[in-house]
Every structure is written in C-alpha cells, then in structure tokens.
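Asks: Data file data.csv (CSV, C-alpha atoms) is appended below.
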```csv
chain,number,residue,atom,x,y,z
L,1,MET,CA,-84.4,-38.4,-49.7
L,2,GLY,CA,-82.3,-41.4,-49.3
L,3,GLU,CA,-79.1,-39.2,-49.5
L,4,GLU,CA,-80.4,-36.8,-46.8
L,5,ASN,CA,-81.2,-39.7,-44.5
L,6,LYS,CA,-77.7,-41.1,-45.1
L,7,ALA,CA,-76.2,-37.8,-44.4
L,8,GLY,CA,-78.2,-37.4,-41.2
L,9,ALA,CA,-77.3,-40.9,-40.2
L,10,ASP,CA,-73.7,-40.0,-40.7
L,11,VAL,CA,-74.1,-36.9,-38.6
L,12,SER,CA,-75.9,-38.8,-35.9
L,13,VAL,CA,-73.4,-41.6,-36.1
L,14,SER,CA,-70.6,-39.1,-35.9
L,15,GLY,CA,-72.3,-37.4,-33.0
L,16,GLN,CA,-72.8,-40.7,-31.4
L,17,SER,CA,-69.3,-41.7,-32.1
L,18,GLU,CA,-68.0,-38.6,-30.4
L,19,ASP,CA,-70.4,-39.2,-27.5
L,20,ALA,CA,-69.5,-42.8,-27.5
L,21,LEU,CA,-65.8,-41.9,-27.5
L,22,VAL,CA,-66.3,-39.6,-24.6
L,23,GLY,CA,-68.7,-41.8,-22.8
L,24,GLY,CA,-66.5,-44.8,-23.5
L,25,LEU,CA,-63.7,-43.1,-21.8
L,26,THR,CA,-65.9,-42.1,-18.8
L,27,GLU,CA,-68.4,-45.0,-18.5
L,28,GLY,CA,-68.6,-47.6,-21.2
L,29,ALA,CA,-65.0,-48.5,-21.9
L,30,PRO,CA,-63.3,-50.8,-19.4
L,31,GLY,CA,-60.8,-48.9,-17.4
L,32,GLY,CA,-61.9,-45.7,-19.3
L,33,SER,CA,-62.3,-43.7,-16.1
L,34,LYS,CA,-58.8,-44.4,-15.0
L,35,VAL,CA,-57.4,-43.6,-18.4
L,36,GLY,CA,-59.1,-40.2,-18.3
L,37,GLU,CA,-58.0,-39.5,-14.9
L,38,ARG,CA,-54.4,-40.5,-15.8
L,39,LYS,CA,-54.4,-38.1,-18.7
L,40,ILE,CA,-55.7,-35.3,-16.6
L,41,ASP,CA,-53.2,-36.1,-13.9
L,42,VAL,CA,-50.4,-36.1,-16.4
L,43,LYS,CA,-51.5,-32.7,-17.7
L,44,MET,CA,-51.7,-31.3,-14.1
L,45,GLU,CA,-48.4,-32.7,-13.2
L,46,SER,CA,-46.9,-31.2,-16.4
L,47,ALA,CA,-48.4,-27.9,-15.6
L,48,GLY,CA,-47.3,-28.2,-11.9
L,49,CYS,CA,-43.7,-29.1,-12.9
L,50,SER,CA,-43.4,-26.4,-15.5
L,51,ALA,CA,-43.8,-23.6,-12.8
L,52,PRO,CA,-40.9,-24.7,-10.6
L,53,ALA,CA,-38.9,-25.4,-13.8
L,54,ALA,CA,-39.6,-21.8,-14.9
L,55,ASN,CA,-38.6,-20.5,-11.5
L,56,GLY,CA,-35.5,-22.6,-11.5
L,57,ALA,CA,-34.6,-21.3,-14.9
L,58,MET,CA,-35.0,-17.7,-13.7
L,59,GLY,CA,-32.9,-18.4,-10.6
L,60,SER,CA,-30.2,-20.0,-12.7
L,61,GLN,CA,-30.2,-17.0,-14.9
L,62,ARG,CA,-29.8,-14.7,-11.8
L,63,ASP,CA,-27.1,-17.0,-10.5
L,64,ARG,CA,-25.3,-16.9,-13.9
L,65,SER,CA,-25.6,-13.1,-13.9
L,66,LEU,CA,-24.2,-12.9,-10.3
L,67,VAL,CA,-21.3,-15.1,-11.0
L,68,PRO,CA,-19.5,-12.7,-13.3
L,69,GLU,CA,-20.1,-9.9,-10.8
L,70,ARG,CA,-18.5,-12.0,-8.0
L,71,LEU,CA,-15.7,-13.1,-10.2
L,72,GLN,CA,-15.1,-9.5,-11.4
L,73,ARG,CA,-15.1,-8.2,-7.8
L,74,ARG,CA,-12.7,-11.0,-6.8
L,75,GLU,CA,-10.5,-10.2,-9.7
L,76,GLN,CA,-10.4,-6.6,-8.8
L,77,GLU,CA,-9.5,-7.4,-5.2
L,78,ARG,CA,-6.7,-9.7,-6.4
L,79,GLN,CA,-5.3,-7.0,-8.7
L,80,LEU,CA,-5.4,-4.5,-5.9
L,81,GLU,CA,-3.5,-6.9,-3.6
L,82,VAL,CA,-1.0,-7.6,-6.3
L,83,GLU,CA,-0.5,-3.8,-6.8
L,84,ARG,CA,-0.1,-3.3,-3.0
L,85,ARG,CA,2.5,-6.0,-2.8
L,86,LYS,CA,4.3,-4.5,-5.8
L,87,GLN,CA,4.3,-1.0,-4.4
L,88,LYS,CA,5.5,-2.4,-1.0
L,89,ARG,CA,8.3,-4.2,-2.8
L,90,GLN,CA,9.3,-1.2,-4.8
L,91,ASN,CA,9.3,1.0,-1.7
L,92,GLN,CA,11.5,-1.5,0.1
L,93,GLU,CA,13.9,-1.6,-2.9
L,94,VAL,CA,14.1,2.2,-2.9
L,95,GLU,CA,14.8,2.3,0.8
L,96,GLU,CA,17.5,-0.4,0.4
L,97,GLU,CA,19.0,1.6,-2.5
L,98,LYS,CA,19.0,4.7,-0.4
L,99,SER,CA,20.5,2.8,2.6
L,100,ASP,CA,23.2,1.3,0.3
L,101,PHE,CA,24.0,4.7,-1.2
L,102,PHE,CA,24.2,6.3,2.3
L,103,ALA,CA,26.5,3.5,3.6
L,104,ALA,CA,28.9,3.8,0.7
L,105,ALA,CA,28.9,7.6,0.8
L,106,PHE,CA,29.3,7.8,4.5
L,107,ALA,CA,32.1,5.2,4.6
L,108,ARG,CA,33.9,7.1,1.8
L,109,GLU,CA,33.7,10.5,3.6
L,110,ARG,CA,34.5,9.0,6.9
L,111,ALA,CA,37.7,7.5,5.5
L,112,ALA,CA,38.7,10.9,4.0
L,113,VAL,CA,38.2,12.7,7.3
L,114,GLU,CA,40.1,10.1,9.2
L,115,GLU,CA,43.0,10.4,6.8
L,116,LEU,CA,43.1,14.2,7.1
L,117,LEU,CA,43.0,14.0,10.8
L,118,GLU,CA,45.8,11.4,11.0
L,119,SER,CA,48.1,13.2,8.6
L,120,GLY,CA,47.0,16.7,9.4
L,121,GLU,CA,50.1,18.7,10.3
L,122,SER,CA,48.7,22.1,9.4
L,123,GLY,CA,45.7,24.3,10.1
L,124,GLU,CA,44.7,24.1,6.4
L,125,GLN,CA,44.3,20.3,6.6
L,126,LEU,CA,42.3,20.5,9.8
L,127,GLU,CA,40.0,23.1,8.2
L,128,GLU,CA,39.5,20.8,5.3
L,129,ALA,CA,38.7,17.9,7.7
L,130,ALA,CA,36.2,20.2,9.5
L,131,ALA,CA,34.5,21.1,6.2
L,132,ARG,CA,34.2,17.4,5.1
L,133,LEU,CA,33.1,16.5,8.6
L,134,GLN,CA,30.3,19.1,8.3
L,135,GLY,CA,29.3,17.5,5.0
L,136,LEU,CA,29.3,14.1,6.7
L,137,GLN,CA,26.9,15.4,9.4
L,138,LYS,CA,24.7,16.9,6.7
L,139,LEU,CA,24.6,13.5,4.9
L,140,LEU,CA,23.5,11.9,8.1
L,141,ASN,CA,20.9,14.5,8.8
L,142,ASP,CA,19.4,14.2,5.3
L,143,SER,CA,19.1,10.4,5.7
L,144,VAL,CA,17.3,10.2,9.0
L,145,LEU,CA,13.9,9.6,7.3
L,146,PHE,CA,14.9,6.2,5.9
L,147,LEU,CA,17.7,5.1,8.2
L,148,ALA,CA,17.0,2.6,11.0
L,149,ALA,CA,17.4,3.8,14.5
L,150,TYR,CA,20.5,1.6,15.0
L,151,ASP,CA,22.2,2.9,11.8
L,152,LEU,CA,21.3,6.5,12.8
L,153,ARG,CA,22.9,6.0,16.2
L,154,GLN,CA,26.0,4.4,14.8
L,155,GLY,CA,26.4,7.2,12.3
L,156,GLN,CA,26.0,9.9,14.9
L,157,GLU,CA,28.5,8.3,17.2
L,158,THR,CA,31.0,8.1,14.3
L,159,VAL,CA,30.5,11.8,13.6
L,160,THR,CA,30.9,12.7,17.3
L,161,ARG,CA,34.0,10.6,17.6
L,162,LEU,CA,35.5,12.4,14.6
L,163,GLN,CA,34.5,15.8,16.0
L,164,ALA,CA,36.3,14.9,19.2
L,165,THR,CA,39.4,13.9,17.3
L,166,LEU,CA,39.3,17.2,15.3
L,167,ALA,CA,39.1,19.1,18.6
L,168,GLU,CA,42.1,17.3,20.0
L,169,ARG,CA,44.1,17.9,16.8
L,170,ARG,CA,43.3,21.6,17.0
L,171,GLN,CA,44.4,21.7,20.6
L,172,GLU,CA,47.7,19.9,19.7
L,173,LEU,CA,48.4,22.5,17.1
L,174,GLN,CA,47.9,25.5,19.4
L,175,PRO,CA,51.0,27.0,20.8
L,176,LYS,CA,51.7,25.9,24.4
L,177,LYS,CA,52.5,29.0,26.5
L,178,ARG,CA,52.2,27.9,30.1
L,179,PHE,CA,52.4,31.1,31.9
L,180,ALA,CA,50.5,33.1,29.3
L,181,PHE,CA,47.8,30.5,29.6
L,182,LYS,CA,47.4,31.1,33.3
L,183,THR,CA,47.2,34.9,32.7
L,184,ARG,CA,44.5,34.4,30.1
L,185,ARG,CA,42.6,32.2,32.4
L,186,LYS,CA,42.7,34.7,35.2
L,187,ASP,CA,41.6,37.5,32.9
L,188,ALA,CA,38.8,35.5,31.5
L,189,ALA,CA,37.6,34.4,34.9
L,190,SER,CA,37.6,38.0,36.1
L,191,ALA,CA,35.7,39.0,33.1
L,192,THR,CA,32.8,36.7,34.1
L,193,LYS,CA,32.6,38.6,37.4
L,194,VAL,CA,31.3,41.7,35.7
L,195,ASP,CA,28.0,39.9,34.9
L,196,ALA,CA,27.9,37.8,38.0
L,197,ALA,CA,25.2,38.1,40.5
L,198,PRO,CA,26.2,40.3,43.6
L,199,GLY,CA,27.8,38.2,46.3
L,200,ALA,CA,28.0,35.1,44.1
L,201,PRO,CA,31.2,33.1,44.0
L,202,ALA,CA,33.5,33.6,41.0
L,203,ALA,CA,33.5,31.1,38.2
L,204,GLU,CA,35.9,28.3,38.9
L,205,GLY,CA,36.8,27.6,35.3
L,206,ILE,CA,37.0,29.1,31.9
L,207,LEU,CA,37.9,25.6,30.5
L,208,ALA,CA,40.9,25.5,28.2
L,209,SER,CA,41.1,21.7,28.0
L,210,PRO,CA,38.9,19.8,30.5
L,211,PRO,CA,39.2,16.1,31.0
L,212,PRO,CA,37.1,14.2,28.4
L,213,LEU,CA,33.6,13.2,29.4
L,214,ASN,CA,32.4,9.8,28.1
L,215,GLU,CA,28.8,8.8,27.9
L,216,GLU,CA,27.1,5.5,27.1
L,217,GLY,CA,27.1,4.8,23.4
L,218,GLY,CA,30.6,6.0,22.7
L,219,ILE,CA,30.0,9.7,22.8
L,220,GLY,CA,32.9,11.6,24.4
L,221,SER,CA,35.5,14.2,23.5
L,222,SER,CA,37.8,16.9,24.8
L,223,PHE,CA,36.2,20.3,24.5
L,224,VAL,CA,38.4,23.3,24.4
L,225,PHE,CA,36.2,26.1,25.8
L,226,GLY,CA,33.5,26.6,28.3
L,227,PHE,CA,32.4,27.1,32.0
L,228,SER,CA,32.4,24.7,34.9
L,229,ASN,CA,31.3,24.6,38.5
L,230,VAL,CA,29.5,27.8,38.6
L,231,GLU,CA,26.4,28.8,40.6
L,232,SER,CA,23.9,31.7,40.4
L,233,GLN,CA,25.8,33.7,37.8
L,234,VAL,CA,25.2,35.3,34.4
L,235,LEU,CA,27.8,33.9,31.9
L,236,GLU,CA,28.4,35.4,28.4
L,237,LYS,CA,30.6,34.8,25.5
L,238,ARG,CA,30.8,36.9,22.2
L,239,ALA,CA,31.0,35.8,18.6
L,240,GLU,CA,34.7,36.3,18.2
L,241,GLU,CA,35.4,34.0,21.2
L,242,LEU,CA,33.1,31.3,20.1
L,243,HIS,CA,33.6,31.1,16.3
L,244,GLN,CA,33.8,27.4,15.3
L,245,ARG,CA,35.0,26.3,18.8
L,246,ASP,CA,33.8,23.3,20.7
L,247,VAL,CA,32.0,24.3,23.9
L,248,LEU,CA,31.5,22.4,27.2
L,249,LEU,CA,29.3,23.7,30.0
L,250,THR,CA,29.3,21.4,33.0
L,251,GLU,CA,28.1,21.4,36.6
L,252,LEU,CA,26.2,24.7,36.5
L,253,SER,CA,23.4,25.6,38.9
L,254,LYS,CA,20.9,28.4,38.6
L,255,CYS,CA,23.0,30.2,35.9
L,256,THR,CA,22.0,32.1,32.8
L,257,ILE,CA,24.4,31.4,29.9
L,258,LYS,CA,24.4,33.5,26.7
L,259,LEU,CA,26.6,32.4,23.9
L,260,TYR,CA,26.5,34.8,21.0
L,261,GLY,CA,28.0,33.6,17.7
L,262,ASN,CA,28.6,30.3,15.9
L,263,PRO,CA,30.2,27.4,17.9
L,264,ASN,CA,31.1,24.2,16.2
L,265,THR,CA,29.6,21.9,18.9
L,266,LEU,CA,28.0,22.5,22.2
L,267,ARG,CA,27.6,20.2,25.2
L,268,LEU,CA,25.7,20.9,28.4
L,269,ALA,CA,26.2,18.3,31.3
L,270,LYS,CA,25.0,18.2,34.9
L,271,ALA,CA,23.1,21.5,34.8
L,272,ARG,CA,20.4,22.3,37.3
L,273,SER,CA,17.8,25.1,36.9
L,274,CYS,CA,19.8,26.9,34.2
L,275,THR,CA,18.8,29.0,31.2
L,276,LEU,CA,21.1,28.5,28.1
L,277,LEU,CA,20.8,30.8,25.1
L,278,CYS,CA,23.0,29.9,22.2
L,279,GLY,CA,23.5,31.1,18.6
L,280,PRO,CA,23.6,28.7,15.7
L,281,VAL,CA,25.8,25.6,16.2
L,282,SER,CA,27.3,24.2,13.0
L,283,THR,CA,27.0,20.6,14.0
L,284,SER,CA,25.7,19.0,17.2
L,285,VAL,CA,24.3,19.9,20.6
L,286,PHE,CA,24.4,17.3,23.4
L,287,LEU,CA,22.5,17.5,26.7
L,288,GLU,CA,23.3,15.0,29.5
L,289,ASP,CA,22.1,14.7,33.0
L,290,CYS,CA,20.2,18.0,33.2
L,291,SER,CA,17.1,19.0,35.0
L,292,ASP,CA,14.7,22.0,35.2
L,293,CYS,CA,16.4,23.9,32.5
L,294,VAL,CA,15.4,26.2,29.6
L,295,LEU,CA,17.4,26.1,26.4
L,296,ALA,CA,17.3,28.0,23.1
L,297,VAL,CA,19.6,26.3,20.6
L,298,ALA,CA,19.9,26.0,16.8
L,299,CYS,CA,21.9,23.1,15.3
L,300,GLN,CA,22.0,20.3,12.8
L,301,GLN,CA,21.6,17.5,15.4
L,302,LEU,CA,20.3,17.5,19.0
L,303,ARG,CA,20.7,14.6,21.3
L,304,VAL,CA,19.3,14.7,24.9
L,305,HIS,CA,20.3,12.0,27.3
L,306,THR,CA,19.2,11.3,31.0
L,307,THR,CA,17.5,14.7,31.2
L,308,ARG,CA,14.2,15.6,32.8
L,309,ASP,CA,11.7,18.5,33.1
L,310,THR,CA,13.4,20.7,30.5
L,311,ARG,CA,12.0,23.1,27.9
L,312,ILE,CA,13.9,23.3,24.6
L,313,PHE,CA,13.3,26.1,22.0
L,314,LEU,CA,14.8,24.4,19.0
L,315,GLN,CA,15.9,25.0,15.4
L,316,VAL,CA,17.2,21.7,14.0
L,317,THR,CA,17.6,20.5,10.4
L,318,SER,CA,17.5,16.8,11.3
L,319,ARG,CA,15.5,14.9,13.9
L,320,ALA,CA,16.1,15.5,17.6
L,321,ILE,CA,16.9,12.4,19.7
L,322,VAL,CA,15.9,11.8,23.3
L,323,GLU,CA,17.1,8.8,25.4
L,324,ASP,CA,16.4,8.0,29.0
L,325,CYS,CA,14.5,11.2,29.4
L,326,SER,CA,11.2,12.5,30.8
L,327,GLY,CA,9.3,15.7,30.8
L,328,ILE,CA,11.0,17.2,27.8
L,329,GLN,CA,9.0,19.9,26.0
L,330,PHE,CA,9.8,21.4,22.6
L,331,ALA,CA,9.0,24.7,20.9
L,332,PRO,CA,10.4,26.6,17.9
L,333,TYR,CA,13.6,28.6,18.4
L,334,THR,CA,12.8,32.2,19.1
L,335,TRP,CA,16.0,33.8,20.6
L,336,THR,CA,17.5,36.6,18.6
L,337,TYR,CA,20.3,39.1,18.9
L,338,PRO,CA,22.1,41.6,16.7
L,339,GLY,CA,24.2,39.7,14.1
L,340,ILE,CA,22.4,36.4,14.4
L,341,ASP,CA,21.7,36.4,10.6
L,342,LYS,CA,25.4,36.5,9.9
L,343,ASP,CA,26.0,33.7,12.4
L,344,PHE,CA,23.4,31.6,10.7
L,345,GLU,CA,25.1,32.1,7.3
L,346,GLY,CA,28.4,31.1,8.8
L,347,SER,CA,27.0,28.0,10.4
L,348,GLY,CA,25.7,26.5,7.2
L,349,LEU,CA,22.3,25.8,8.8
L,350,ASP,CA,19.2,26.1,6.6
L,351,ARG,CA,16.9,28.5,8.4
L,352,SER,CA,13.9,27.5,6.3
L,353,LYS,CA,14.2,23.9,7.5
L,354,ASN,CA,13.2,23.3,11.1
L,355,ASN,CA,12.1,19.9,12.5
L,356,TRP,CA,11.7,21.1,16.1
L,357,ASN,CA,8.6,18.9,16.6
L,358,ILE,CA,10.0,15.7,15.0
L,359,VAL,CA,11.6,13.7,17.8
L,360,ASP,CA,12.9,10.2,18.0
L,361,ASP,CA,12.7,8.5,21.4
L,362,PHE,CA,15.1,5.6,21.6
L,363,ASN,CA,13.2,4.3,24.6
L,364,TRP,CA,9.9,4.3,22.9
L,365,LEU,CA,9.5,2.0,19.9
L,366,ALA,CA,5.7,1.9,19.5
L,367,ARG,CA,4.8,3.8,16.3
L,368,ASP,CA,1.1,3.9,16.9
L,369,MET,CA,1.4,5.7,20.2
L,370,ALA,CA,3.1,9.0,21.1
L,371,SER,CA,6.1,8.8,23.5
L,372,PRO,CA,5.2,9.9,27.0
L,373,ASN,CA,8.7,11.2,27.6
L,374,TRP,CA,8.4,14.4,25.4
L,375,SER,CA,5.7,16.7,24.2
L,376,ILE,CA,5.0,20.0,22.4
L,377,LEU,CA,5.1,23.1,24.6
L,378,PRO,CA,1.7,24.8,24.5
L,379,GLU,CA,1.7,28.1,22.6
L,380,GLU,CA,0.6,30.1,25.6
L,381,GLU,CA,3.7,28.9,27.5
L,382,ARG,CA,6.1,29.9,24.8
L,383,VAL,CA,6.2,33.6,25.5
L,384,ILE,CA,9.5,34.2,27.3
L,385,GLN,CA,11.5,37.3,27.9
L,386,TRP,CA,15.0,36.2,27.1
L,387,ASP,CA,16.7,39.5,28.2
```
Mind turning this structure into structure tokens?
Replies:
Amino acid sequence: MGEENKAGADVSVSGQSEDALVGGLTEGAPGGSKVGERKIDVKMESAGCSAPAANGAMGSQRDRSLVPERLQRREQERQLEVERRKQKRQNQEVEEEKSDFFAAAFARERAAVEELLESGESGEQLEEAAARLQGLQKLLNDSVLFLAAYDLRQGQETVTRLQATLAERRQELQPKKRFAFKTRRKDAASATKVDAAPGAPAAEGILASPPPLNEEGGIGSSFVFGFSNVESQVLEKRAEELHQRDVLLTELSKCTIKLYGNPNTLRLAKARSCTLLCGPVSTSVFLEDCSDCVLAVACQQLRVHTTRDTRIFLQVTSRAIVEDCSGIQFAPYTWTYPGIDKDFEGSGLDRSKNNWNIVDDFNWLARDMASPNWSILPEEERVIQWD
C-alpha cells in the first residue's frame, strides 16, 4: 500500500513536473514566455532559411550543369574558327605556290621564245617559236582561275607582244617580190568582187602588211593578212589561205566576213554593223572600237576593248576579258561548216572546254554584283541563220 502510493506520487510528481516544466516555460518561469517564443522563432527561421537554401542549391546545380555546356560550345566555336583560319592560310599558301610556279614557268618559256625569235634565221626556228608560244598561251589560260587581274593582263600583253614579233619575223623571211606582190593584190581584190553586193565599191585592201595598230595596254602588232576600208560586201577566205596566219580586219561597215580555216590570231577593229564568222583561232581574238556587230569565234583568249552593243557567239578555253565596253552579250559558239572538225584539231583547242559565260570585266571590280557591261544572250535570241 505504501509502495503503490509512492509510485502514484512519483507518477503525479512526474506529471506535475512535466506540466510544471511546460507551465514554467509559458507562465511560471520568469522570462519563460520569451524563451519559448525564441525557440519557436528559431525553428521557424531555420525552416524558412532551409527553403531558399535548397532552392539556391538547386540553382547552383543548374548553373554548374550549364557551365560545361557553355564552355563546350565556346570551345567548339573556337576550334571551328581555328580550322577556318588554318584552311584560309592553306588556301593562300596553295595560291602563292601556284602563282610562284606560274611566274617561274612563264618566265622560262618567255625567255626561250624570245631567244628563238632573236636568233631565228629559218622557218624551222620560227615554227618552234610558234609552238612554244602556243604553249605559253595555254599556260596563261590554265592559270586564270588563281591569277590576279594585273598579272593576267601583264601575261596576256607579253604573249601578244611575242605574237607580234613572230608575225614580223615571218614577214621578214618571206621573199620580197615587188611586182608579183602587186599582181597578187590585184587578183585577190578582184576575187572579193565575186561575193560583193551589187553596185558596192570594191575592197580597198587585201592587207599584206598594214601599219601596226597600237592600243592602250601595250597590245599592238603587224598583221600580215586581212581586209580594210570595205563597206556593204561579203568577204570570204578559205582554209588554205588562212592557215596559221595573223588576220587583221579594220574599218569595215555593214559587211559579212566568213573566215574558214584556222588562223593564228584575229583582230577586228573599227567595225560597224558587221557579221564576222570565223573558224577556230589557235591563240587570241581581239576586238577594238566596234559597235552593233555579231561575231562567232573560237579561240584560246578573247579580249574586247571599247566596244558596245555586240553579240558574241563564243568558244573559249580561258576567260573572256572586256574593258571599257557596254552592251556585250555572250552565247555559245554555233557556227559550223564542212571541215571545221579538222580545223579544230589543227588549232589545238579543246572543244570540250568552253568558258563562254565566264567573263572578266576590268572596269568592274565588285565581286558580289554582276557587271552591267555584259550579259548572257537569252536562248530565244540565239537562233541565227548564219548562211
């Protein structure tokens, strides 16, 4: 009985102690209310701080996960830029190597041709010079894709000068028969009358050796064959007359000129409203100061200077050049005649290679805009009856 009371007392005391503890905190103990409130506030603050801390931790994790992505992307961009610079440097080095090779090869072949022309006392030496000169022209044509415009112009002027010297040397080696020459000229002039328009004046010249014509840029030579000062006539020459000869056509008006065969060079100057049809030319064709003309020419190199409103049906293995021109239209070469395949073989031109629509305008340097001085002739306007 005493033990049970003692146990109960202990229980009640324990209960009172617990109540007293709680009550002491809330009522009895001095400052107890504040202490309890402080503990609750601390817990609430801890709980309140833990949420932003958790959000911050999650944000930091996201930031840390984004950092490698940004770094990786930046590294990729850096590597691409390095690769672009490397490729650009390699391309530049290749172009410089090609330019250096061209300069060395061109200088070597030019010196060989000049030596042959200076010491050439026979037809065999001149023919060797002509063959090497044709190779020099081919080297220039094959290099137009990487040569600067200035280097291309200088190279073409050198080739043209050598071609002029070759023509002069050939002329010097020809036998000089004064009176026979006049007879040949008279016969040739009378031959042109056969195809001349009725009532038209006779041709004033089958040119044997006209005075040299010089143009800006150093192009000029003595041509040994051609027509001059003719109006409203049909002029023709056959393959046996033209083979590897240098042809000059100058001051023609309203004429139709048909040149069958394989000339070495061809130059048309001061022509008005003319139609020129020519077989494959082994080297270069030059047009100067022409207007309202139609041409069909095949060659290695075409250069057009101070010409306007002219249509050119072209077969060319290099890039055509226009300078100080306007209204020039280009289309593929379509003229044909019996024996043209043989003439192409003799000319050395590659018929499978035709850059008729690749034109360099020396007066138009903007690469992002087409030159207004030349254009492609629309297909519906290319149908022409040549005969």
Asks: So which one's closest to Phe362 of chain L, L:Arg382, L:Arg153, L:Arg308, L:Lys98? Using all atoms listed in the file, please.
Replies: L:Arg153
Asks: What does the structure give for the distance between atom CA of Leu249 of chain L and atom CA of Gln301 of chain L, in Å to one decimal?
Replies: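 Result for atom CA of Leu249 of chain L versus atom CA of Gln301 of chain L: 17.6 Å, one decimal.
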Asks: Around (17.6, 27.7, 38.2) in the file's own coordinates, what residues are found within 7 Å if you use only C-alpha atoms, given back as a PDB file with C-alpha atoms, in the frame of the given file?
Replies:
```pdb
ATOM      1  CA  SER L 253      23.400  25.600  38.900  1.00  0.00           C
ATOM      2  CA  LYS L 254      20.900  28.400  38.600  1.00  0.00           C
ATOM      3  CA  CYS L 255      23.000  30.200  35.900  1.00  0.00           C
ATOM      4  CA  ARG L 272      20.400  22.300  37.300  1.00  0.00           C
ATOM      5  CA  SER L 273      17.800  25.100  36.900  1.00  0.00           C
ATOM      6  CA  CYS L 274      19.800  26.900  34.200  1.00  0.00           C
ATOM      7  CA  CYS L 293      16.400  23.900  32.500  1.00  0.00           C
TER       8      CYS L 293
END
```
Asks: One decimal, in Å: what's the spacing between atom CA of Tyr260 of chain L and atom CA of Trp386 of chain L?
Replies: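 Pair atom CA of Tyr260 of chain L / atom CA of Trp386 of chain L returns 13.1 Å.
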Asks: Between atom CA of Thr334 of chain L and atom CA of Glu240 of chain L, what is the distance, to one decimal in Å?
Replies: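 For atom CA of Thr334 of chain L relative to atom CA of Glu240 of chain L, the distance reads 22.3 Å.
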